Amino acid sequence: MKNVIIISLLGVTAYYLLSAFVSIPFGEDFINGVKDFYLNKSPEDLKVANVVTSIVVNFRGFDTLGEVTVLFLASTALGSILYRRRSSHTALNPQRTAPQASTLVQAGAKVIFPFTVLLGAYVFIHGHLTPGGGFQGGAIIATGFLLMLISYRKFFVEHNVLTWIEALAGTSFVVIGLAGLVYADNHNFLENFLPAGELNDLLSGGIIGIIYIAVGFKVGAEITGILDTLLTIKEAGLDPEEN
Amino acid sequence: MQAFLTYSIYGTALFLMLLGLYAVLMKKNLIKIVIGLSVADSGLHLLFVAVGYINGGTAPIFSPAVAGTGTVMTDPVPQALVLTAIVIGFGVTAVALALVVRLYRKHNTTNIDEIKNLKW
Amino acid sequence: MTDPVYFIAIPLLTAFLLPLFGKIYKPLIGIIPGLVFAFTAYISFDLYFNLEPGKPVIVQMAGWAPPWGINLVFGEFSGLIVSLITFLAFLVWVYSYNFKKVGFDNSKKYFTLLMLMVAGSIGVVLTGDIFNMFVFLEITAISSYGLTAFYKGRDSAEAAFKFLLIGSLSSTFILLAILLLYKQTGTLNMAEIAIKSQAIDPKIKSIIAILFFVGFGIEAEMFPLNGWVPDAYSQAPGPVAASFASILAKSGIYALIRVFYTVLDVEGIFNLLLTAGLLTIIFAEFTAMRQTRLRRMLAYSSIGQMGLIMVAFSFNTKAGVFAGLFLMFNHAVIKTLLFLASGFLTYSTKQKKIRDLDGFGKIMPFTSLMFGLGAFAIVGLPPFSGFWGKLNMLTATADSNLYLVIALILVVAVVEIIYYFKVIGRLYFRERHEDVNIQKPTWNAVLAMSILALVIIGVGLYPDFITDYLAKATNELFDKAGYIKHVLPSLSLN
């Protein structure tokens with residue numbers, strides 16, 4: 001019964017949504033909106049080759065601050081949801097329940113790990129020139145750490161270091177934004193106050209590159225922290241606090 | 001051809017989204033519910049990217065090869081929005097999984113029927 | 001001149017730095033958030049009272065004028081709500097400052113989440129960009145999932161999971177609406193959408209409107225998608241429940257009215273809002289009467305109040321909006337007081353049942369007095385501020401010639417009186433049989449509750465104290481052309 005109701009409800013939703021979306025012919029450029037401005041200004045004024053990056057970090061940079069906050073929030077919420085008191089000895093002596101990976105996987109992981117981190121760093125440093133950016137680069141770095149975490153039972157990341165990276169990277173994002181209020185021409189939050197450079201140079205785009213590096217560090221640290229928190233948990237039913 | 005493309009591409013993305021929502025509403029396993037959320041999000045993200053496509057457009061990057069040639073570029077705005085939406089979806093999924101871990105620790109099950117308060 | 005971006009940037013900066021402060025000196029974790037809340041409350045009141053009439057403060061992000069960049073609008077309407085949010089956030093901090101139960105490491109997470117929830121709500125209210133509003137709404141939502149599940153051992157994880165599922169549904173709908181709106185108008189700026197949306201095909205426009213309606217309605221506790229509310233309110237820590245009522249629900253209803261008053265004008269949407277509001281009231285108030293647990297009763301009562309606010313805004317008249325704003329103010333202040341008082345009342349009872357509260361009036365005189373005062377105020381008895389809200393609501397309804405709605409509001413007021421007085425009767429007119437370990441309210445909790453009580457009585461005796469500001473906010477909300485002119489000086493509404 002519930003099944004029928006829900007399927008018909010979803011069917012009605014699907015019908016109306018599809019009827020709204022077919023009014024937008026696929027692949028046709030018929031709106032006359034903000035996108036042309038972005039496509040013109042990004043290479044001319046900001047000297048940023050990747051228009052998506054210039055939208056994400058500059059034109060709509062405030063959204064990205066919110067986005068970084070969401071990740072920070074997710075890692076904090078995760079910590080508060082899965083937190084245990086220090087008195088339970090697992091906090092001092094963490095354990096993973098996953099079985100030990102085979103030697104082949106371990107050896108392979110060790111070889112691949114540094115290159116993964118390097119690739120991640122490359123992706124976020126070149127965020128304004130090539131596809132990618134801080135979020136993608138950070139996610140690549142975190143996959144490197146995930147590989148190590150699942151291959152080695154005794155591989156633990158230092159949460160203290162992660163906290164410092166998260167805090168400093170997040171702070172530098174906001175501080176760069178606030179510096180725009182003081183040093184930039186129009187005194188706006190997140191406004192560019194550095195020379196724009198030349199299109200397609202590594203040192204171009206003013207503050208965009210710096211923000212993306214901070215975002216890369218922050219995202220890498222946060223996703224690694226989230227993965228580590230989710231992996232390093234104890235069997236159920238042993239904790240007195242839960243009952 | 002145009003109409004076929006429009007219907008099939010938007011239809012697929014919407015179908016994926018509604019499939020995810022169906023799993024969220026109907027599945028009994030908490031992990032499957034979280035997977036449903038994730039699938040619904042993916043459908044929505046595909047829809048964003050599909051809506052931003054422009055026929056014959058390349059990625060909106062002014063690399064030396066395309067600079068000054070007047071190449072058509074796809075709409076960069078939905079791509080920027082979808083980046084934000086993906087990160088938000090990731091955050092929600094992470095929190096959902098943490099809650100599932102908590103529920104499993106407490107009730108020793110991932111079946112929604114055995115967790116009293118979740119039925120409504 | 002204060003830049004409105006400080007209201008968001010400073011709490012975010014502090015939230016990022018809070019773990020480091022904890023490493024330097026642990027008590028800073030409790031003190032710094034308070035300083036930040038006090039500072040944001042101070043600068044928002046300062047900016048609000050020095051606002052030039054009819055001239056909202058508009059700032060652009062990253063130096064791009066709207067519609068290309070994101071802008072923040074601190075006007076008479078949004079400024080009022082921001083001031084209210086920052087003031088109540090400060091009081092919630094005062095109340096929860098030394099919550100010893102959880103220890104330092106946890107209080108760090110608690111204050112981080114609380115601060116981000118407040119920053120997110122301020123962002124929702126201030127932003128002039130529809131997608132940015134979605135981002136801030138998600139910040140608010142994710143921090144409230146974390147706060148709901150904050151206490152272990154209770155059913156908090158269930159409540160938070162339920163909240164998360166419904167919240168994700170809401171964000172899916174809002175994103176779909178934003179996508180359709182972007183493809184129809186080519187912009188995300190609310191003022192430019194307001195101009196361009198007049199050309200949208202009415203059928204598509206009504207689909208967009210319904211998507212927004214459902215999406216924001218979930219945050220505003222609208223029937224039938226409010227199943228998460230009683231669970232979240234009863235499982236979250238006391239001050240968090242208070243901030244859900246005063247901050248979270250307010251940002252949801254703000255988004256709803258901003259979108260339907262300023263951005264989209266769709267025929268029939270206000271009738272839909274009226275219907276949803278009335279159903280919400282009826283469902284919530286009659287369910288509240290049957291509750292045996294204090295927190296759940298307060299949660300259902302809160303849903304009922306939100307329904308009343310929706311009804312007030314659905315009239316689409318100045319009197320209606322004025323009454324709605326008055327009700328919002330009352331709900332924020334009085335519900336906060338009730339939740340804070342209930343936190344101490346139910347502290348010592350295991351089941352948190354209403355019948356466990358027999359004779360508490362003698363054991364906990366101050367907290368019971370505060371609860372009683374809040375109950376008298378929320379049902380709308382003079383001389384408290386709740387009276388003026390209900391009175392304005394009734395006159396606004398009469399102006400719109402909706403006599404059945406008047407009858408319903410009066411019936412519901414009787415229902416409210418019944419269930420609130422049931423609690424007061426237990427507190428004051430029953431004998432206590434068994435002994436109980438009571439938790440004396442701490443000095444900071446007493447301070448927070450006293451300030452709220454003073455506001456309630458002060459506004460009750462001198463309603464003129466706030467009516468001026470509410471009237472200005474009402475006028476600004478109706479001045480759609482003015483909003484567009486200020487955000488986009490080069491364009492105008494034709």
# chains A, B, ... in the order shown; residues from 1 in each chain; ligands from 1
call {"tool": "select_by_dssp", "arguments": {"residues": "region 64-122 of chain C", "states": "alpha helix (DSSP H)", "output": "PyMOL selection string"}}
result
chain C and resi 76-96+103-122
call {"tool": "write_last_selection", "arguments": {"atoms": "C-alpha atoms", "output": "compact mmCIF listing (two decimals), in the first residue's frame"}}
result
# COMPACT_ATOMS: atom_id res chain seq x y z
CA GLU C 76 15.02 47.33 7.64
CA PHE C 77 13.51 43.88 7.24
CA SER C 78 16.60 41.70 7.07
CA GLY C 79 18.37 43.89 9.66
CA LEU C 80 15.55 43.36 12.13
CA ILE C 81 15.74 39.58 11.79
CA VAL C 82 19.55 39.58 11.98
CA SER C 83 19.47 41.68 15.14
CA LEU C 84 16.93 39.31 16.67
CA ILE C 85 19.01 36.26 15.74
CA THR C 86 22.28 37.68 17.11
CA PHE C 87 20.59 38.81 20.34
CA LEU C 88 19.03 35.40 20.96
CA ALA C 89 22.25 33.62 20.00
CA PHE C 90 24.06 35.65 22.64
CA LEU C 91 21.46 34.67 25.26
CA VAL C 92 21.72 31.01 24.27
CA TRP C 93 25.47 31.29 24.82
CA VAL C 94 24.95 32.93 28.22
CA TYR C 95 22.68 30.07 29.18
CA SER C 96 24.99 27.30 28.00
CA GLY C 103 33.70 18.45 29.17
CA PHE C 104 35.97 20.75 27.22
CA ASP C 105 36.59 18.71 24.12
CA ASN C 106 32.88 18.35 23.56
CA SER C 107 32.04 21.92 24.39
CA LYS C 108 34.49 22.95 21.66
CA LYS C 109 32.41 21.02 19.14
CA TYR C 110 29.17 22.29 20.65
CA PHE C 111 30.18 25.93 20.36
CA THR C 112 31.62 25.44 16.88
CA LEU C 113 28.37 23.91 15.66
CA LEU C 114 26.27 26.55 17.41
CA MET C 115 28.34 29.38 15.97
CA LEU C 116 28.13 27.97 12.46
CA MET C 117 24.38 27.51 12.81
CA VAL C 118 24.05 31.17 13.75
CA ALA C 119 26.38 32.29 10.95
CA GLY C 120 24.39 30.20 8.47
CA SER C 121 21.07 31.69 9.56
CA ILE C 122 22.48 35.21 9.32
call {"tool": "residues_around", "arguments": {"residues": "Leu16 (chain B)", "least_positions_apart": "5", "cutoff": "10 Å", "atoms": "only C-alpha atoms", "output": "PyMOL selection string"}}
result
chain B and resi 10-11+21-22+36+39-44+46-47
call {"tool": "residues_around", "arguments": {"residues": "region 366-374 of chain C", "least_positions_apart": "5", "cutoff": "7 Å", "atoms": "only C-alpha atoms", "output": "VMD selection string"}}
result
chain C and resid 334 337 to 338 341 360 to 361 424 427
call {"tool": "interface_residues", "arguments": {"of": "chain C", "to": "chain B", "cutoff": "10 Å", "atoms": "only C-alpha atoms", "output": "number ranges by chain"}}
result
C: 131-132, 134-135, 138-139, 141-143, 145-146, 149, 152-162, 164-169, 171-173, 175-176, 179-180, 182-183, 186-188, 227-228, 231
call {"tool": "closest_residue", "arguments": {"among": "A:Val161, A:Leu230, A:Ala121, A:Ala101", "to": "chain C", "atoms": "only C-alpha atoms"}}
result
A:Val161
